[in-house]
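**Student:** My structure is stored as target.cif, with mmCIF, C-alpha atoms.
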data_protein
#
loop_
_atom_site.label_atom_id
_atom_site.label_comp_id
_atom_site.auth_asym_id
_atom_site.auth_seq_id
_atom_site.Cartn_x
_atom_site.Cartn_y
_atom_site.Cartn_z
CA MET A 26 0.00 0.00 0.00
CA ILE A 27 1.44 3.31 -1.06
CA THR A 28 0.93 6.20 1.31
CA LEU A 29 0.35 9.86 0.59
CA GLN A 30 3.88 10.73 1.70
CA GLN A 31 5.33 8.19 -0.73
CA ILE A 32 3.26 9.67 -3.55
CA PHE A 33 4.66 13.13 -2.77
CA PHE A 34 8.15 11.65 -2.60
CA LEU A 35 7.79 10.06 -6.03
CA ILE A 36 6.40 13.25 -7.59
CA ILE A 37 9.21 15.41 -6.16
CA ALA A 38 11.88 12.85 -7.10
CA GLY A 39 10.53 12.64 -10.65
CA VAL A 40 10.46 16.41 -11.13
CA MET A 41 13.88 16.85 -9.53
CA LEU A 42 15.67 14.14 -11.50
CA GLY A 43 13.95 15.20 -14.72
CA ALA A 44 15.04 18.79 -14.16
CA ALA A 45 18.59 17.63 -13.36
CA ILE A 46 18.76 15.61 -16.59
CA MET A 47 17.42 18.58 -18.57
CA MET A 48 20.01 20.79 -16.86
CA VAL A 49 23.01 18.74 -17.93
CA SER A 50 21.65 18.15 -21.44
CA ALA A 51 20.48 21.71 -22.21
CA ARG A 52 22.30 23.37 -25.10
CA GLN A 53 22.02 26.90 -23.75
CA VAL A 54 23.75 27.72 -20.49
CA PHE A 55 20.89 29.95 -19.37
CA HIS A 56 18.38 27.11 -19.80
CA SER A 57 20.68 24.99 -17.67
CA THR A 58 20.40 27.59 -14.92
CA LEU A 59 16.59 27.56 -15.02
CA TRP A 60 16.53 23.76 -14.76
CA MET A 61 19.08 23.96 -11.96
CA ILE A 62 16.72 26.22 -9.97
CA LEU A 63 13.91 23.64 -10.41
CA THR A 64 16.27 20.90 -9.18
CA PHE A 65 17.12 22.92 -6.09
CA LEU A 66 13.41 23.45 -5.40
CA GLY A 67 12.98 19.66 -5.54
CA VAL A 68 15.76 19.24 -3.00
CA ALA A 69 13.98 21.75 -0.75
CA GLY A 70 10.82 19.65 -1.09
CA PHE A 71 12.79 16.61 0.08
CA TYR A 72 13.87 18.51 3.18
CA VAL A 73 10.24 19.33 3.94
CA LEU A 74 9.36 15.64 3.58
CA LEU A 75 12.24 14.82 5.94
CA GLY A 76 10.69 17.11 8.55
CA SER A 77 13.42 19.75 8.40
CA SER A 78 11.71 22.88 7.13
CA PHE A 79 14.62 24.97 8.46
CA MET A 80 16.96 23.26 6.00
CA ALA A 81 14.35 23.73 3.27
CA GLY A 82 14.32 27.46 4.00
CA LEU A 83 18.10 27.59 3.91
CA GLN A 84 18.04 25.72 0.61
CA LEU A 85 15.70 28.35 -0.82
CA PHE A 86 17.81 31.23 0.51
CA ILE A 87 21.25 29.95 -0.46
CA TYR A 88 20.69 27.92 -3.61
CA VAL A 89 17.51 29.24 -5.20
CA GLY A 90 18.33 32.78 -4.09
CA ALA A 91 22.04 33.38 -3.96
CA ILE A 92 23.84 30.77 -6.04
CA SER A 93 21.45 30.94 -9.00
CA VAL A 94 21.81 34.74 -9.07
CA LEU A 95 25.60 34.38 -8.99
CA THR A 96 25.39 31.89 -11.85
CA VAL A 97 23.18 34.18 -13.92
CA ILE A 98 25.66 37.03 -13.39
CA ALA A 99 28.55 34.79 -14.47
CA ILE A 100 26.60 33.82 -17.60
CA MET A 101 25.90 37.47 -18.39
CA VAL A 102 29.59 38.30 -18.07
CA THR A 103 30.65 35.36 -20.28
CA ARG A 104 27.77 35.63 -22.74
CA GLY A 105 29.85 35.09 -25.88
CA MET A 106 30.25 31.44 -24.89
CA MET A 107 26.63 30.73 -25.73
CA ARG A 108 27.39 30.99 -29.44
CA HIS A 109 29.56 27.88 -29.45
CA HIS A 110 26.74 25.38 -29.38
CA ARG A 111 28.50 22.68 -31.33
CA HIS A 112 31.51 22.57 -29.05
CA SER A 113 29.71 22.69 -25.75
CA PHE A 114 29.90 18.92 -25.17
CA ASN A 115 33.04 16.93 -24.61
CA ASP A 116 32.67 13.20 -25.35
CA PRO A 117 29.17 12.76 -23.86
CA LEU A 118 29.07 8.99 -24.43
CA THR A 119 32.04 8.25 -22.17
CA ALA A 120 30.68 10.63 -19.56
CA ALA A 121 27.28 8.91 -19.67
CA ILE A 122 28.91 5.50 -19.24
CA ALA A 123 30.91 6.77 -16.26
CA ALA A 124 27.83 8.34 -14.67
CA LEU A 125 25.74 5.19 -15.21
CA ALA A 126 28.51 3.06 -13.72
CA CYS A 127 28.61 5.38 -10.70
CA PHE A 128 24.83 5.16 -10.28
CA GLY A 129 24.81 1.38 -10.72
CA GLY A 130 27.61 0.87 -8.21
CA LEU A 131 26.01 3.14 -5.61
CA THR A 132 22.58 1.55 -6.04
CA TRP A 133 24.10 -1.93 -5.76
CA LEU A 134 25.76 -0.90 -2.50
CA ILE A 135 22.58 0.70 -1.16
CA VAL A 136 20.35 -2.33 -1.77
CA GLN A 137 22.82 -4.62 0.03
CA ILE A 138 22.08 -3.02 3.39
CA PRO A 139 18.76 -3.39 5.27
CA TRP A 140 18.03 0.31 5.85
CA PRO A 141 15.29 1.29 8.29
CA THR A 142 11.92 2.01 6.70
CA ARG A 143 10.78 4.48 9.34
CA PRO A 144 12.52 7.09 11.53
CA LEU A 145 13.70 6.27 15.03
CA MET A 146 11.39 8.81 16.65
CA ASP A 147 9.04 11.66 15.91
CA ILE A 148 10.51 15.13 15.54
CA PRO A 149 10.60 16.90 18.93
CA PRO A 150 8.99 20.36 18.93
CA ASP A 151 12.23 22.15 19.92
CA ASP A 152 14.66 20.46 17.53
CA LEU A 153 15.72 23.76 15.97
CA ALA A 154 16.57 25.30 19.36
CA PHE A 155 18.64 22.22 20.16
CA LEU A 156 20.45 22.53 16.82
CA GLY A 157 21.35 26.12 17.68
CA GLN A 158 22.63 25.11 21.12
CA VAL A 159 24.78 22.35 19.63
CA LEU A 160 26.29 24.75 17.11
CA ILE A 161 27.61 27.13 19.81
CA ASP A 162 28.42 24.47 22.42
CA PRO A 163 32.19 24.65 23.13
CA ASN A 164 32.31 20.88 23.54
CA ARG A 165 30.71 20.16 20.18
CA TYR A 166 30.70 22.40 17.11
CA MET A 167 31.63 25.87 18.33
CA LEU A 168 35.16 25.83 16.89
CA LEU A 169 33.90 24.62 13.51
CA PHE A 170 31.17 27.26 13.58
CA GLU A 171 33.70 30.05 14.11
CA VAL A 172 36.08 28.65 11.50
CA ALA A 173 33.18 28.54 9.04
CA SER A 174 32.47 32.23 9.58
CA LEU A 175 36.17 33.00 9.13
CA LEU A 176 36.16 30.94 5.92
CA LEU A 177 33.22 32.94 4.55
CA PHE A 178 34.97 36.22 5.37
CA VAL A 179 38.23 35.14 3.70
CA VAL A 180 36.31 33.89 0.67
CA LEU A 181 34.47 37.18 0.23
CA VAL A 182 37.71 39.17 0.41
CA GLY A 183 39.41 36.68 -1.92
CA ALA A 184 36.59 36.82 -4.47
CA LEU A 185 36.74 40.62 -4.48
CA TYR A 186 40.52 40.45 -4.92
CA ILE A 187 40.23 38.01 -7.83
CA VAL A 188 37.66 40.05 -9.79
CA ARG A 189 39.17 43.49 -9.13
CA GLU A 190 39.85 45.80 -12.04
CA ARG A 191 43.52 46.14 -12.83
CA MET B 29 6.70 6.55 5.77
CA VAL B 30 9.17 6.65 2.89
CA PRO B 31 11.94 4.04 3.32
CA LEU B 32 15.41 5.48 3.80
CA SER B 33 16.76 3.58 0.80
CA TRP B 34 14.52 5.59 -1.55
CA TYR B 35 16.20 8.82 -0.49
CA LEU B 36 19.62 7.22 -0.89
CA ILE B 37 18.87 5.96 -4.39
CA VAL B 38 17.47 9.32 -5.55
CA ALA B 39 20.52 11.08 -4.10
CA ALA B 40 22.78 8.60 -5.91
CA ALA B 41 20.94 9.38 -9.15
CA LEU B 42 21.33 13.12 -8.57
CA PHE B 43 25.04 12.63 -7.85
CA SER B 44 25.50 10.63 -11.08
CA ILE B 45 23.69 13.27 -13.14
CA GLY B 46 26.00 15.90 -11.67
CA LEU B 47 29.00 13.71 -12.46
CA TYR B 48 27.80 13.45 -16.06
CA GLY B 49 27.51 17.23 -16.22
CA ILE B 50 31.05 17.68 -14.96
CA LEU B 51 32.52 15.15 -17.39
CA ALA B 52 30.50 16.02 -20.48
CA HIS B 53 30.52 19.81 -20.50
CA ARG B 54 33.23 22.17 -21.58
CA ASN B 55 31.73 25.37 -20.23
CA LEU B 56 33.23 26.19 -16.86
CA VAL B 57 29.95 27.72 -15.62
CA VAL B 58 27.99 24.52 -16.31
CA ILE B 59 30.72 22.49 -14.58
CA LEU B 60 30.40 24.65 -11.47
CA MET B 61 26.61 24.24 -11.57
CA SER B 62 26.99 20.46 -11.80
CA LEU B 63 29.28 20.61 -8.79
CA GLU B 64 26.41 22.17 -6.86
CA LEU B 65 24.30 19.14 -7.83
CA LEU B 66 26.89 16.84 -6.26
CA LEU B 67 26.86 18.85 -3.02
CA ASN B 68 23.06 18.80 -2.96
CA ALA B 69 23.02 15.02 -3.38
CA VAL B 70 25.38 14.69 -0.42
CA ASN B 71 23.18 17.03 1.62
CA ILE B 72 20.07 14.93 0.91
CA ASN B 73 21.97 11.91 2.23
CA LEU B 74 23.11 13.76 5.35
CA ILE B 75 19.63 15.04 6.24
CA ALA B 76 18.03 11.65 5.51
CA PHE B 77 20.57 9.85 7.71
CA SER B 78 20.00 12.44 10.42
CA ARG B 79 16.22 11.87 10.30
CA TYR B 80 16.25 8.08 10.17
CA LEU B 81 19.31 6.94 12.14
CA GLU B 82 19.93 9.63 14.72
CA PRO B 83 17.96 10.04 17.95
CA GLU B 84 19.17 13.65 18.43
CA LEU B 85 18.57 14.91 14.86
CA VAL B 86 21.50 17.34 15.02
CA ASN B 87 24.78 15.87 13.76
CA GLY B 88 23.61 15.28 10.18
CA ARG B 89 22.01 18.71 10.01
CA THR B 90 25.16 20.37 11.33
CA PHE B 91 27.22 18.61 8.67
CA ALA B 92 24.73 19.79 6.05
CA LEU B 93 25.08 23.36 7.34
CA PHE B 94 28.85 23.17 6.91
CA VAL B 95 28.37 21.78 3.41
CA TYR B 96 26.26 24.88 2.72
CA VAL B 97 29.10 27.12 3.91
CA VAL B 98 31.60 25.32 1.69
CA ALA B 99 29.19 25.41 -1.26
CA ALA B 100 28.70 29.16 -0.91
CA ALA B 101 32.47 29.67 -0.70
CA GLU B 102 33.04 27.44 -3.72
CA ALA B 103 30.42 29.24 -5.79
CA ALA B 104 31.79 32.70 -4.94
CA ILE B 105 35.43 31.83 -5.63
CA GLY B 106 34.62 29.66 -8.66
CA LEU B 107 32.50 32.27 -10.38
CA ALA B 108 35.04 35.00 -9.58
CA LEU B 109 37.65 32.82 -11.28
CA VAL B 110 35.32 32.35 -14.26
CA VAL B 111 34.92 36.12 -14.60
CA ASN B 112 38.67 36.63 -14.34
CA ILE B 113 39.46 33.89 -16.87
CA TRP B 114 36.91 35.39 -19.26
CA ARG B 115 38.58 38.79 -18.91
CA ASN B 116 42.06 37.44 -19.62
CA ARG B 117 41.38 34.71 -22.18
CA SER B 118 37.93 35.51 -23.66
CA THR B 119 36.90 31.88 -23.19
CA VAL B 120 35.46 29.72 -20.43
CA SER B 121 35.90 26.45 -22.33
CA VAL B 122 37.95 24.06 -20.22
CA ASP B 123 39.75 22.50 -23.18
CA ARG B 124 41.29 25.88 -24.01
CA ILE B 125 42.36 26.61 -20.44
CA ASP B 126 45.04 23.91 -20.39
CA ASP B 127 48.28 25.79 -19.76
CA LEU B 128 49.23 23.42 -16.93
CA LYS B 129 48.95 20.40 -19.23
CA GLY B 130 52.70 20.35 -19.89
#
Please rewrite the model in this file as structure tokens.

**Tutor:**
Amino acid sequence: MITLQQIFFLIIAGVMLGAAIMMVSARQVFHSTLWMILTFLGVAGFYVLLGSSFMAGLQLFIYVGAISVLTVIAIMVTRGMMRHHRHSFNDPLTAAIAALACFGGLTWLIVQIPWPTRPLMDIPPDDLAFLGQVLIDPNRYMLLFEVASLLLFVVLVGALYIVRER
Amino acid sequence: MVPLSWYLIVAAALFSIGLYGILAHRNLVVILMSLELLLNAVNINLIAFSRYLEPELVNGRTFALFVYVVAAAEAAIGLALVVNIWRNRSTVSVDRIDDLKG
């Protein structure tokens, strides 16, 4: 018996994988970006199904918002590339074989293991507050949290340095 | 409920599609976009493991948050490099940016 949640899962998975395939096979780079945004929306839907709407919101902010805008700007700056349609692919048959082998190997590994079919427990009402406490707990992830903020700062300065006008 | 293995198989499919994009394309922008697909596939796995295998529900999510940080850093630096390469070479095709080939 297939449940409502499984139906939603299958719909989202179908849309997401279809959009991903369209993204890597699109001839125009800009069309690739539009399909990429649809793929990211599918991933956000998965997070909602997994009971983590906070991660779904982050997915919308970071990927659908920020990274797709960055990509569109990069395409605008390098727009002359879109004329070279014939040369945009590099040996697609070999790449497809490699990707299919990767998928086959991973799926073979996944079906070997008896994964659980339902979560260990229901989501507690204060899971997000606990996540925040863990992030700034000195015994757990505080150091990594601070290093991550430092990394973002260095990356912003570095990106500005790389694209500066000479 | 949806079995955990479904999430893992869909994430594996997404990862393979991203791998195809990286191998098959010559445009540096599309390669960077495919890289984001790989990171998203990994994130789906992390969140699914966190939901199904973890009583606390935090370690997988924290890892996914750090993957977000690294993905944002990678996108900013990568696209800055693309812009800079375009300025210097007037191409973003990876088979013409092969000075280190020897």

**Student:** Starting from the point (15.1, -1.4, -1.4), work out which residues of protein, DNA or RNA have an atom no more than 9 Å away when counting all atoms listed in the file; state them as a ChimeraX atom specification.

**Tutor:** /A:135-140 /B:31-34,37

**Student:** Measuring atom to atom with only C-alpha atoms, identify which of A:Arg165, A:Arg191, A:Arg143, A:Arg104 is nearest to chain B.

**Tutor:** A:Arg143

**Student:** Between A:Leu118, A:Ile92, A:Ile98, A:Ile32, which one has atoms that come closest to Val111 (chain B), using all atoms listed in the file?

**Tutor:**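 The shortest atom-to-atom distance to Val111 (chain B) comes from A:Ile98.
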
**Student:** Using only C-alpha atoms, which residue out of B:Leu67, B:Leu109, B:Met29, B:Leu74 lies closest to Thr103 (chain A)?

**Tutor:**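 Ranking B:Leu67, B:Leu109, B:Met29, B:Leu74 by distance to Thr103 (chain A), first place goes to B:Leu109.
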
**Student:** Work out how far apart CA of Leu63 (chain A) and CA of Glu102 (chain B) are and give it in Å to one decimal.

**Tutor:**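 Calculated distance between CA of Leu63 (chain A) and CA of Glu102 (chain B) is 20.6 Å.
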
**Student:** Please give the centre and size of the box around region 134-152 of chain A (axis-aligned, containing every atom listed in the file, 6 Å added per side), with values in Å to one decimal and written as JSON.

**Tutor:**
{"center_x": 17.4, "center_y": 8.8, "center_z": 8.7, "size_x": 28.8, "size_y": 38.8, "size_z": 34.4}

**Student:** Show me, as a PyMOL selection string, every residue of chain B with an atom at most 7 Å from chain A, counting only C-alpha atoms.

**Tutor:** chain B and resi 29-33+37-38+40-42+44-45+47-49+51-55+58+76+79-81+83+86+97+101+103-105+107-109+111-112+114+119

**Student:** Extract, using only C-alpha atoms, all DNA, RNA and protein residues at most 8 Å from Ile50 (chain B), discarding same-chain residues fewer than 6 positions from it, and format them as an NGL selection string.

**Tutor:** :B and (58-60 or 62-63)

**Student:** Work out how far apart CA of Tyr96 (chain B) and CA of Asn71 (chain B) are and give it in Å to one decimal.

**Tutor:**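 Taking CA of Tyr96 (chain B) as the start and CA of Asn71 (chain B) as the end point, the length is 8.5 Å.
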
**Student:** Just to confirm, what's the straight-line distance from CA of Leu85 (chain A) to CA of Leu66 (chain A) in Å (one decimal)?

**Tutor:**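 Between these atoms lies a distance of 7.1 Å.
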